[in-house]
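Quick look at work-v7.csv (CSV, C-alpha atoms):
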chain,number,residue,atom,x,y,z
V,1,MET,CA,93.1,115.8,79.2
V,2,ALA,CA,92.5,116.9,82.7
V,3,THR,CA,92.2,114.3,85.5
V,4,ASN,CA,88.6,113.4,86.2
V,5,THR,CA,87.5,112.2,89.6
V,6,TYR,CA,84.3,110.6,90.8
V,7,PRO,CA,82.0,112.8,92.9
V,8,SER,CA,81.3,111.6,96.4
V,9,PRO,CA,77.6,110.7,96.4
V,10,THR,CA,75.2,109.8,99.2
V,11,LEU,CA,72.6,107.1,98.6
V,12,ALA,CA,70.3,109.8,97.3
V,13,SER,CA,72.9,111.0,94.7
V,14,ARG,CA,73.9,108.1,92.4
V,15,LEU,CA,76.7,108.5,89.9
V,16,SER,CA,75.0,109.2,86.6
V,17,SER,CA,77.9,110.0,84.3
V,18,GLY,CA,80.1,107.3,82.8
V,19,VAL,CA,83.4,106.1,84.1
V,20,PRO,CA,86.0,108.8,83.2
V,21,MET,CA,89.1,107.7,81.4
V,22,LEU,CA,92.5,107.8,83.2
V,23,SER,CA,94.5,111.0,82.7
V,24,ARG,CA,97.6,110.7,80.5
V,25,ALA,CA,98.8,114.2,81.1
V,26,ARG,CA,102.4,114.1,82.4
V,27,THR,CA,105.9,115.3,81.4
V,28,GLY,CA,109.5,114.1,81.4
V,29,LEU,CA,108.7,110.4,80.4
V,30,VAL,CA,109.4,108.7,77.1
V,31,ARG,CA,106.2,107.1,76.0
V,32,LEU,CA,105.5,104.4,73.5
V,33,LEU,CA,102.5,104.1,71.2
V,34,ALA,CA,100.9,100.7,71.2
V,35,VAL,CA,99.5,100.0,67.7
V,36,LEU,CA,97.6,96.7,67.2
V,37,ALA,CA,98.7,94.7,64.2
V,38,VAL,CA,95.1,93.8,63.4
V,39,SER,CA,92.9,96.1,61.4
V,40,GLY,CA,90.2,98.2,62.9
V,41,CYS,CA,92.1,99.7,65.8
V,42,THR,CA,89.9,101.8,68.1
V,43,GLU,CA,90.9,105.1,69.6
V,44,ALA,CA,91.3,103.5,73.0
V,45,GLN,CA,93.7,101.0,71.5
V,46,GLN,CA,95.9,103.8,70.3
V,47,ARG,CA,96.5,105.5,73.6
V,48,LYS,CA,100.0,106.2,74.8
V,49,TYR,CA,101.8,104.0,77.3
V,50,ASP,CA,105.2,103.9,79.0
V,51,ALA,CA,105.7,100.2,78.3
V,52,VAL,CA,104.0,97.5,76.2
V,53,VAL,CA,104.1,93.7,76.9
V,54,ALA,CA,103.7,91.3,74.0
V,55,ALA,CA,102.0,88.1,75.1
V,56,THR,CA,102.6,86.4,71.8
V,57,SER,CA,104.4,87.5,68.7
V,58,GLY,CA,102.4,89.5,66.2
V,59,ASP,CA,100.0,90.9,68.8
V,60,ILE,CA,101.2,94.5,68.3
V,61,ALA,CA,103.5,96.2,65.8
V,62,LEU,CA,105.7,97.7,68.5
V,63,ALA,CA,106.6,95.5,71.5
V,64,SER,CA,108.6,96.8,74.5
V,65,TYR,CA,109.0,93.9,77.0
V,66,PRO,CA,108.3,90.2,76.8
V,67,THR,CA,107.0,90.0,80.4
V,68,ILE,CA,105.2,92.1,82.9
V,69,ALA,CA,108.1,91.8,85.4
V,70,GLU,CA,110.5,93.2,82.9
V,71,ALA,CA,108.2,96.1,82.1
V,72,LEU,CA,107.8,96.8,85.9
V,73,ALA,CA,111.6,96.8,86.3
V,74,GLN,CA,111.7,99.9,84.1
V,75,ALA,CA,109.3,101.9,86.3
V,76,PRO,CA,110.8,104.6,88.4
V,77,ALA,CA,111.5,103.5,92.0
V,78,GLN,CA,109.7,106.6,93.3
V,79,GLY,CA,107.6,107.8,90.4
V,80,ASP,CA,105.4,110.8,91.0
V,81,GLU,CA,103.5,110.3,87.8
V,82,PRO,CA,101.7,107.3,86.4
V,83,TYR,CA,103.8,104.6,84.7
V,84,VAL,CA,101.4,102.9,82.4
V,85,ILE,CA,101.9,99.4,81.1
V,86,TYR,CA,99.7,98.1,78.3
V,87,LEU,CA,98.8,94.4,78.1
V,88,PRO,CA,97.5,93.2,74.7
V,89,VAL,CA,95.0,90.3,74.5
V,90,GLY,CA,96.7,87.1,75.8
V,91,GLN,CA,97.6,84.8,78.7
V,92,TYR,CA,100.3,86.1,81.0
V,93,ARG,CA,101.5,83.3,83.3
V,94,GLU,CA,103.4,85.4,85.8
V,95,LYS,CA,103.5,85.9,89.6
V,96,VAL,CA,103.6,89.7,89.7
V,97,LEU,CA,104.8,92.0,92.5
V,98,VAL,CA,104.2,95.7,92.2
V,99,ASP,CA,106.4,97.5,94.7
V,100,LYS,CA,106.8,100.8,93.0
V,101,PRO,CA,104.3,103.7,93.3
V,102,ASN,CA,102.0,104.9,90.5
V,103,VAL,CA,102.1,101.8,88.4
V,104,HIS,CA,99.1,101.3,86.1
V,105,LEU,CA,98.2,98.1,84.2
V,106,VAL,CA,95.8,98.6,81.3
V,107,GLY,CA,94.6,95.5,79.5
V,108,ALA,CA,93.1,95.3,76.0
V,109,ASP,CA,90.0,93.3,77.0
V,110,ARG,CA,88.8,92.3,80.5
V,111,ASP,CA,88.1,88.7,79.7
V,112,LYS,CA,90.9,88.1,77.1
V,113,THR,CA,93.8,89.8,78.9
V,114,VAL,CA,94.6,87.4,81.7
V,115,ILE,CA,97.3,87.4,84.4
V,116,SER,CA,97.4,83.9,85.8
V,117,TYR,CA,99.4,81.8,88.3
V,118,GLY,CA,98.6,78.8,90.5
V,119,ASP,CA,100.3,79.0,93.9
V,120,TYR,CA,98.3,77.7,96.9
V,121,ALA,CA,98.8,77.7,100.7
V,122,GLY,CA,99.7,74.0,101.1
V,123,MET,CA,102.4,73.8,98.5
V,124,PRO,CA,106.1,73.6,99.7
V,125,ALA,CA,107.7,76.9,100.4
V,126,PRO,CA,110.3,77.8,97.7
V,127,ASP,CA,113.1,78.2,100.2
V,128,ALA,CA,112.2,75.3,102.5
V,129,GLU,CA,114.4,72.3,103.0
V,130,PRO,CA,113.0,69.2,101.1
V,131,GLY,CA,110.9,67.1,103.3
V,132,SER,CA,110.7,69.8,106.0
V,133,GLY,CA,106.9,70.2,105.6
V,134,VAL,CA,107.2,74.0,105.5
V,135,THR,CA,104.5,75.3,103.2
V,136,MET,CA,103.9,78.6,101.4
V,137,GLY,CA,101.0,79.8,103.5
V,138,THR,CA,98.1,81.9,102.3
V,139,PHE,CA,99.8,85.3,102.3
V,140,ALA,CA,102.4,84.3,99.7
V,141,THR,CA,100.1,82.8,97.1
V,142,ALA,CA,98.8,85.9,95.3
V,143,THR,CA,99.1,86.0,91.6
V,144,LEU,CA,99.4,89.8,91.8
V,145,THR,CA,100.5,91.6,94.9
V,146,VAL,CA,100.4,95.3,95.4
V,147,GLU,CA,102.9,96.7,97.9
V,148,ALA,CA,103.0,100.4,96.8
V,149,LYS,CA,100.7,103.4,96.6
V,150,ASP,CA,98.5,104.6,93.8
V,151,PHE,CA,98.3,101.4,91.8
V,152,ARG,CA,95.7,101.2,89.0
V,153,ALA,CA,94.3,98.3,86.9
V,154,GLU,CA,91.7,98.2,84.3
V,155,ASN,CA,90.3,96.0,81.5
V,156,LEU,CA,92.0,92.7,82.6
V,157,THR,CA,91.6,89.5,84.6
V,158,ILE,CA,93.7,88.4,87.5
V,159,GLU,CA,93.4,84.7,88.2
V,160,ASN,CA,94.7,82.1,90.7
V,161,SER,CA,94.6,79.0,88.5
V,162,PHE,CA,95.0,76.4,91.4
V,163,ASP,CA,92.7,73.5,90.7
V,164,PHE,CA,90.6,73.9,93.8
V,165,LEU,CA,87.7,71.9,92.5
V,166,ALA,CA,89.8,68.8,91.8
V,167,THR,CA,91.1,68.4,95.4
V,168,ASP,CA,87.9,69.6,96.9
V,169,ALA,CA,86.1,66.7,95.2
V,170,LEU,CA,88.4,64.1,96.8
V,171,PRO,CA,87.5,62.2,100.1
V,172,LYS,CA,89.2,63.5,103.2
V,173,ASP,CA,91.4,60.5,103.5
V,174,HIS,CA,92.5,60.4,99.9
V,175,THR,CA,96.3,60.3,99.4
V,176,ASP,CA,96.1,63.1,96.8
V,177,LYS,CA,94.0,65.4,99.0
V,178,ILE,CA,95.6,68.8,99.4
V,179,ASN,CA,95.6,70.6,102.7
V,180,GLY,CA,95.9,74.3,102.4
V,181,THR,CA,93.6,75.2,99.4
V,182,GLN,CA,93.7,79.0,100.0
V,183,ALA,CA,94.8,80.5,96.8
V,184,VAL,CA,94.8,84.3,96.4
V,185,ALA,CA,94.4,86.0,93.0
V,186,LEU,CA,94.9,89.7,94.1
V,187,GLU,CA,96.4,91.0,97.3
V,188,THR,CA,96.6,94.7,98.3
V,189,GLY,CA,99.4,94.5,100.9
V,190,VAL,CA,100.1,96.4,104.0
V,191,ASN,CA,102.3,98.9,102.1
V,192,SER,CA,99.6,99.6,99.5
V,193,ASP,CA,97.2,102.5,99.5
V,194,ARG,CA,94.8,104.1,97.0
V,195,SER,CA,94.6,101.1,94.8
V,196,ALA,CA,91.9,101.4,92.1
V,197,PHE,CA,90.4,98.8,89.8
V,198,ARG,CA,88.0,99.4,87.0
V,199,ASN,CA,86.5,96.7,84.7
V,200,VAL,CA,88.6,93.9,86.2
V,201,ARG,CA,87.8,90.3,86.9
V,202,LEU,CA,89.2,88.4,89.8
V,203,LEU,CA,89.0,84.6,89.6
V,204,GLY,CA,89.7,82.1,92.3
V,205,TYR,CA,87.9,79.9,94.8
V,206,GLN,CA,89.1,80.1,98.4
V,207,ASP,CA,90.5,83.6,99.4
V,208,THR,CA,90.3,85.2,95.9
V,209,LEU,CA,90.8,88.8,97.1
V,210,PHE,CA,92.9,89.7,100.1
V,211,VAL,CA,92.6,93.3,101.0
V,212,GLN,CA,95.3,93.2,103.6
V,213,GLY,CA,95.9,96.9,104.0
V,214,GLY,CA,95.3,100.4,102.7
V,215,ARG,CA,92.4,101.8,100.8
V,216,SER,CA,91.1,100.0,97.6
V,217,TYR,CA,88.3,100.9,95.2
V,218,PHE,CA,86.6,98.5,92.8
V,219,VAL,CA,84.1,99.7,90.2
V,220,ASP,CA,82.3,97.9,87.3
V,221,SER,CA,84.2,94.7,88.2
V,222,VAL,CA,83.6,91.0,88.8
V,223,ILE,CA,85.0,89.0,91.8
V,224,GLU,CA,84.4,85.2,91.9
V,225,GLY,CA,85.1,82.6,94.6
V,226,ASN,CA,83.5,80.6,97.3
V,227,VAL,CA,85.2,80.3,100.7
V,228,ASP,CA,86.0,83.7,102.4
V,229,PHE,CA,86.7,85.0,98.9
V,230,ILE,CA,86.8,88.7,99.9
V,231,PHE,CA,88.8,89.0,103.1
V,232,GLY,CA,91.2,91.1,105.1
V,233,ALA,CA,91.7,94.2,107.3
V,234,GLY,CA,91.9,96.9,104.6
V,235,GLN,CA,89.3,99.5,103.7
V,236,ALA,CA,87.7,98.6,100.3
V,237,LEU,CA,84.7,100.0,98.5
V,238,PHE,CA,83.0,98.0,95.8
V,239,GLU,CA,80.6,99.8,93.5
V,240,ASP,CA,78.4,98.6,90.7
V,241,SER,CA,80.2,95.2,90.7
V,242,ASP,CA,79.2,91.6,90.5
V,243,ILE,CA,80.2,89.3,93.4
V,244,VAL,CA,79.8,85.8,92.2
V,245,THR,CA,79.8,82.7,94.4
V,246,ARG,CA,81.3,79.6,92.6
V,247,PRO,CA,80.5,76.0,93.4
V,248,ARG,CA,82.4,73.4,95.4
V,249,GLY,CA,84.0,70.2,94.2
V,250,THR,CA,81.2,68.2,95.9
V,251,LYS,CA,77.6,68.9,96.8
V,252,ARG,CA,77.3,70.4,100.3
V,253,GLU,CA,74.9,72.4,102.3
V,254,ASN,CA,77.4,75.3,102.9
V,255,VAL,CA,79.3,76.4,99.8
V,256,GLY,CA,81.3,79.2,101.5
V,257,TYR,CA,81.3,82.7,102.8
V,258,VAL,CA,81.3,85.9,100.7
V,259,THR,CA,83.4,87.9,103.1
V,260,ALA,CA,85.7,87.4,106.1
V,261,PRO,CA,86.8,90.9,107.3
V,262,SER,CA,89.4,91.4,110.0
V,263,THR,CA,88.9,95.2,110.2
V,264,ASP,CA,90.7,96.8,113.2
V,265,ILE,CA,88.4,98.5,115.6
V,266,SER,CA,90.2,101.8,115.0
V,267,ASN,CA,88.9,101.9,111.4
V,268,ALA,CA,85.3,102.9,111.0
V,269,PHE,CA,84.9,101.2,107.6
V,270,GLY,CA,86.0,97.8,106.3
V,271,LEU,CA,84.4,96.1,103.3
V,272,VAL,CA,81.5,98.2,101.8
V,273,PHE,CA,79.4,97.0,98.8
V,274,LEU,CA,77.3,99.8,97.2
V,275,ASN,CA,74.9,99.0,94.4
V,276,CYS,CA,76.4,95.6,93.8
V,277,ARG,CA,74.9,92.2,92.7
V,278,LEU,CA,75.6,89.1,94.6
V,279,LEU,CA,75.2,86.3,92.0
V,280,LYS,CA,75.8,82.6,91.9
V,281,ALA,CA,77.5,80.4,89.2
V,282,PRO,CA,75.8,77.2,88.0
V,283,GLY,CA,75.9,74.5,90.6
V,284,VAL,CA,75.6,76.7,93.6
V,285,PRO,CA,72.5,75.7,95.6
V,286,ALA,CA,70.0,78.0,97.3
V,287,SER,CA,70.6,79.1,100.9
V,288,SER,CA,74.2,77.9,100.8
V,289,SER,CA,76.3,81.1,101.3
V,290,PRO,CA,76.3,83.5,104.2
V,291,LEU,CA,77.3,87.1,103.5
V,292,GLY,CA,80.3,86.8,105.8
V,293,ARG,CA,81.9,85.7,109.0
V,294,PRO,CA,84.2,87.5,111.4
V,295,TRP,CA,87.9,86.7,111.0
V,296,HIS,CA,90.2,87.3,114.0
V,297,PRO,CA,93.7,86.5,112.7
V,298,THR,CA,96.0,84.6,115.0
V,299,THR,CA,98.5,87.2,116.1
V,300,THR,CA,101.6,87.3,118.3
V,301,PHE,CA,101.3,89.5,121.4
V,302,PRO,CA,103.7,90.0,124.4
V,303,ASP,CA,101.6,87.5,126.4
V,304,GLY,CA,101.1,84.9,123.7
V,305,ARG,CA,99.7,84.1,120.3
V,306,TYR,CA,96.0,84.1,119.9
V,307,ALA,CA,93.1,85.6,117.9
V,308,ASP,CA,93.4,89.4,117.6
V,309,PRO,CA,90.6,90.8,119.9
V,310,ASP,CA,90.7,94.2,118.1
V,311,ALA,CA,89.9,92.7,114.7
V,312,ILE,CA,86.2,93.7,114.8
V,313,GLY,CA,85.4,92.9,111.2
V,314,ALA,CA,83.2,95.4,109.2
V,315,ALA,CA,81.2,94.4,106.2
V,316,VAL,CA,78.2,96.4,104.9
V,317,PHE,CA,75.9,95.8,101.9
V,318,ILE,CA,74.0,98.8,100.7
V,319,ASN,CA,71.3,98.8,98.0
V,320,SER,CA,72.6,95.5,96.6
V,321,TYR,CA,70.8,92.6,94.8
V,322,MET,CA,71.2,89.2,96.4
V,323,ASP,CA,70.3,85.9,94.6
V,324,ASP,CA,68.8,82.9,96.5
V,325,HIS,CA,72.2,81.4,97.5
V,326,ILE,CA,72.4,83.9,100.4
V,327,THR,CA,71.3,82.2,103.6
V,328,ALA,CA,68.2,83.4,105.5
V,329,ASP,CA,70.2,84.4,108.6
V,330,GLY,CA,72.7,86.2,106.5
V,331,TRP,CA,75.9,85.8,108.5
V,332,ALA,CA,77.9,83.1,110.3
V,333,SER,CA,80.2,82.6,113.2
V,334,MET,CA,83.9,81.8,112.9
V,335,ARG,CA,86.4,80.1,115.3
V,336,GLY,CA,89.6,81.7,116.4
V,337,THR,CA,92.7,80.7,118.2
V,338,SER,CA,92.4,80.7,122.0
V,339,ARG,CA,95.2,81.6,124.4
V,340,ASP,CA,95.8,77.9,125.0
V,341,GLY,CA,96.4,77.4,121.3
V,342,SER,CA,93.1,75.6,120.6
V,343,LYS,CA,90.4,76.8,118.2
V,344,SER,CA,87.8,76.9,120.9
V,345,THR,CA,87.0,80.7,120.7
V,346,VAL,CA,83.9,81.4,118.7
V,347,PHE,CA,83.2,84.8,117.3
V,348,THR,CA,79.6,85.5,116.4
V,349,PRO,CA,78.2,87.8,113.8
V,350,GLU,CA,76.8,90.0,116.6
V,351,SER,CA,80.4,90.6,117.8
V,352,ALA,CA,81.3,92.1,114.4
V,353,ARG,CA,80.1,95.2,112.4
V,354,PHE,CA,77.9,93.4,109.9
V,355,PHE,CA,75.0,95.5,108.4
V,356,GLU,CA,72.7,95.8,105.4
V,357,TYR,CA,70.6,98.6,103.9
V,358,GLN,CA,67.9,98.1,101.3
V,359,SER,CA,69.1,94.7,100.1
V,360,HIS,CA,66.8,93.2,97.5
V,361,GLY,CA,66.3,90.0,95.5
V,362,PRO,CA,65.4,86.5,96.6
V,363,GLY,CA,68.4,86.3,99.0
V,364,ALA,CA,67.3,89.5,100.9
V,365,LYS,CA,65.1,88.1,103.7
V,366,PRO,CA,64.1,89.6,107.0
V,367,HIS,CA,65.9,87.9,109.9
V,368,PRO,CA,66.8,89.1,113.5
V,369,GLN,CA,70.5,88.4,112.8
V,370,ARG,CA,70.5,90.6,109.7
V,371,ARG,CA,71.0,94.0,111.2
V,372,GLN,CA,69.9,97.0,109.2
V,373,LEU,CA,71.3,100.5,109.0
V,374,SER,CA,68.9,103.3,109.6
V,375,ASP,CA,68.4,105.9,106.9
V,376,ALA,CA,70.6,108.3,108.8
V,377,GLU,CA,73.4,105.8,109.2
V,378,ALA,CA,73.2,104.8,105.6
V,379,GLU,CA,73.7,108.4,104.5
V,380,THR,CA,77.1,108.4,106.2
V,381,TYR,CA,78.4,105.8,103.7
V,382,THR,CA,79.7,108.2,101.1
V,383,ARG,CA,82.7,107.4,99.0
V,384,ASP,CA,84.5,110.4,100.5
V,385,ARG,CA,84.1,109.0,104.1
V,386,ILE,CA,84.7,105.4,103.3
V,387,LEU,CA,87.9,106.2,101.4
V,388,ALA,CA,89.0,108.9,103.9
V,389,GLY,CA,89.0,111.8,101.4
V,390,TRP,CA,90.7,109.9,98.5
V,391,GLN,CA,88.9,110.4,95.2
V,392,PRO,CA,89.8,107.6,92.7
V,393,SER,CA,90.4,108.7,89.1
V,394,PHE,CA,90.4,106.9,85.8
How does the structure come out when it is put into structure tokens?
Amino acid sequence: MATNTYPSPTLASRLSSGVPMLSRARTGLVRLLAVLAVSGCTEAQQRKYDAVVAATSGDIALASYPTIAEALAQAPAQGDEPYVIYLPVGQYREKVLVDKPNVHLVGADRDKTVISYGDYAGMPAPDAEPGSGVTMGTFATATLTVEAKDFRAENLTIENSFDFLATDALPKDHTDKINGTQAVALETGVNSDRSAFRNVRLLGYQDTLFVQGGRSYFVDSVIEGNVDFIFGAGQALFEDSDIVTRPRGTKRENVGYVTAPSTDISNAFGLVFLNCRLLKAPGVPASSSPLGRPWHPTTTFPDGRYADPDAIGAAVFINSYMDDHITADGWASMRGTSRDGSKSTVFTPESARFFEYQSHGPGAKPHPQRRQLSDAEAETYTRDRILAGWQPSF
């Protein structure tokens, strides 16, 4: 079957065809046929794969590897063709690093095929001396990290299972209170590019999705979290997806922020949401969640360590539905590290590239701080331009 690619539409030209299936045409690789043990297999469940992972015995008639890591170890170091790993229904408790190109993970069912791990920023670093106080930090917490080009994932959930709500519910002075509750589910790292996700679910609370680098594309997917739960400097396009704000451990006026982009000023696009739905889970109050705030990461420069002045975050919502949890003013400020080491520098929404176009729903309210794209500006937000010529295929 020939590879299908999405056309690159403008706002006036919506995608009307279904999501094309990923091409399996390639040569020179020994492929395995995953056949489910249960009766009533569908055609999709009989597609060919390079590796199969058995979550539990009896899931499939032919199992290749017991873990995702072992299946990944068999992928070519510099593969020019897709290396496709099939994950049957099940829970995969693994911390996964994809550092080889053209790896594809295909699950059997989005909500029943779950990759889960529970690292968080405040936990002791694995190689730290006991009692040293050295912690893991946000960037090392991801359940699945992509550090290679042309990664694909579809029909599965990636979860950071850290119990954010339990520690968030404790008083500030409680002895069991955890500092460092950032816990990433998916990270597209600085060595990634052209990462595509279809029908995936990302579950976390604070910092669920870290688009650290490269270009990423999400379609027909669900991303859930509360504090800065889609953040980073990468270029990411979200289409026809649900962005769901989750509750906090205690009642509070501000639940969190949907985005925290740190886009470098040299990049015209950062986080772009096209035809998405911004929804809320039960327990999230009205007017509790700004669309985003500008993140200027603390960075080491020749003259000191302070907030990166070139991280002029870009987040744009186009033709997207917004429930009533979105605040009336839409955006918020964020503190950054000053040259003296304090957190006294304040970056306002006006200093970032925050825009909307044709937002609708109870959370879409006119406000001077909610800057709108003109019709002409909105028409420049095509998939081809946002992704710099890359046409994702499935």
Select all residues near (92.4, 81.6, 88.5) (cut-off 6 Å, inclusive, file coordinates), counting all atoms listed in the file, and output them as number ranges by chain.
-> V: 159-161, 203-204
Taking only residues of range 213-328 of chain V that have an atom at most 10 Å from an atom of range 139-149 of chain V, what is each one's shortest atom pair and its distance in Å to one decimal, using all atoms listed in the file, in chain and number order, as a Markdown table?
| residue | atom | partner | partner_atom | distance |
| --- | --- | --- | --- | --- |
| V:Gly213 | CA | V:Glu147 | CA | 9.3 |
| V:Gly214 | CA | V:Lys149 | CA | 8.7 |
| V:Arg215 | CA | V:Lys149 | CA | 9.4 |
Which residues, written as a PyMOL selection string, have at least one atom at most 9 Å from Ile243 in chain V, with all atoms listed in the file counted and residues fewer than 5 positions away on the same chain left out?
-> chain V and resi 221-225+258+276-280
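Counting only C-alpha atoms, the residue from V:Gly330, V:Pro101, V:Gly118, V:Pro294 that sits nearest to Gln78 in chain V is V:Pro101.
As for CA of Arg194 in chain V and CA of Asp242 in chain V, they are spaced 21.0 Å apart.
Near range 365-381 of chain V, within 7 Å and counting only C-alpha atoms, sit Thr10, Leu11, Ala328, Asp329, Gly330, Phe355, Glu356, Tyr357, Gly363, Arg383, Arg385 and Ile386 of chain V; same-chain residues fewer than 2 positions away were not included.
Proximity to Thr113 in chain V was assessed for V:Ala125, V:Leu165, V:Val98, V:Val53 counting all atoms listed in the file; the smallest distance is recorded for V:Val53.
Going from CA of Ser287 in chain V over to CA of Pro349 in chain V, you cover 17.3 Å.
Shortest atom-to-atom contact with Pro302 in chain V among V:Arg339, V:Ala71, V:Thr345, V:Pro124: V:Arg339, counting only C-alpha atoms.
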Would you mind listing what lies within 12 Å of Phe164 in chain V as an NGL selection string, with only C-alpha atoms counted and same-chain residues fewer than 6 positions away left out?
-> :V and (118-122 or 170 or 177-184 or 203-208 or 225-227 or 246-250)
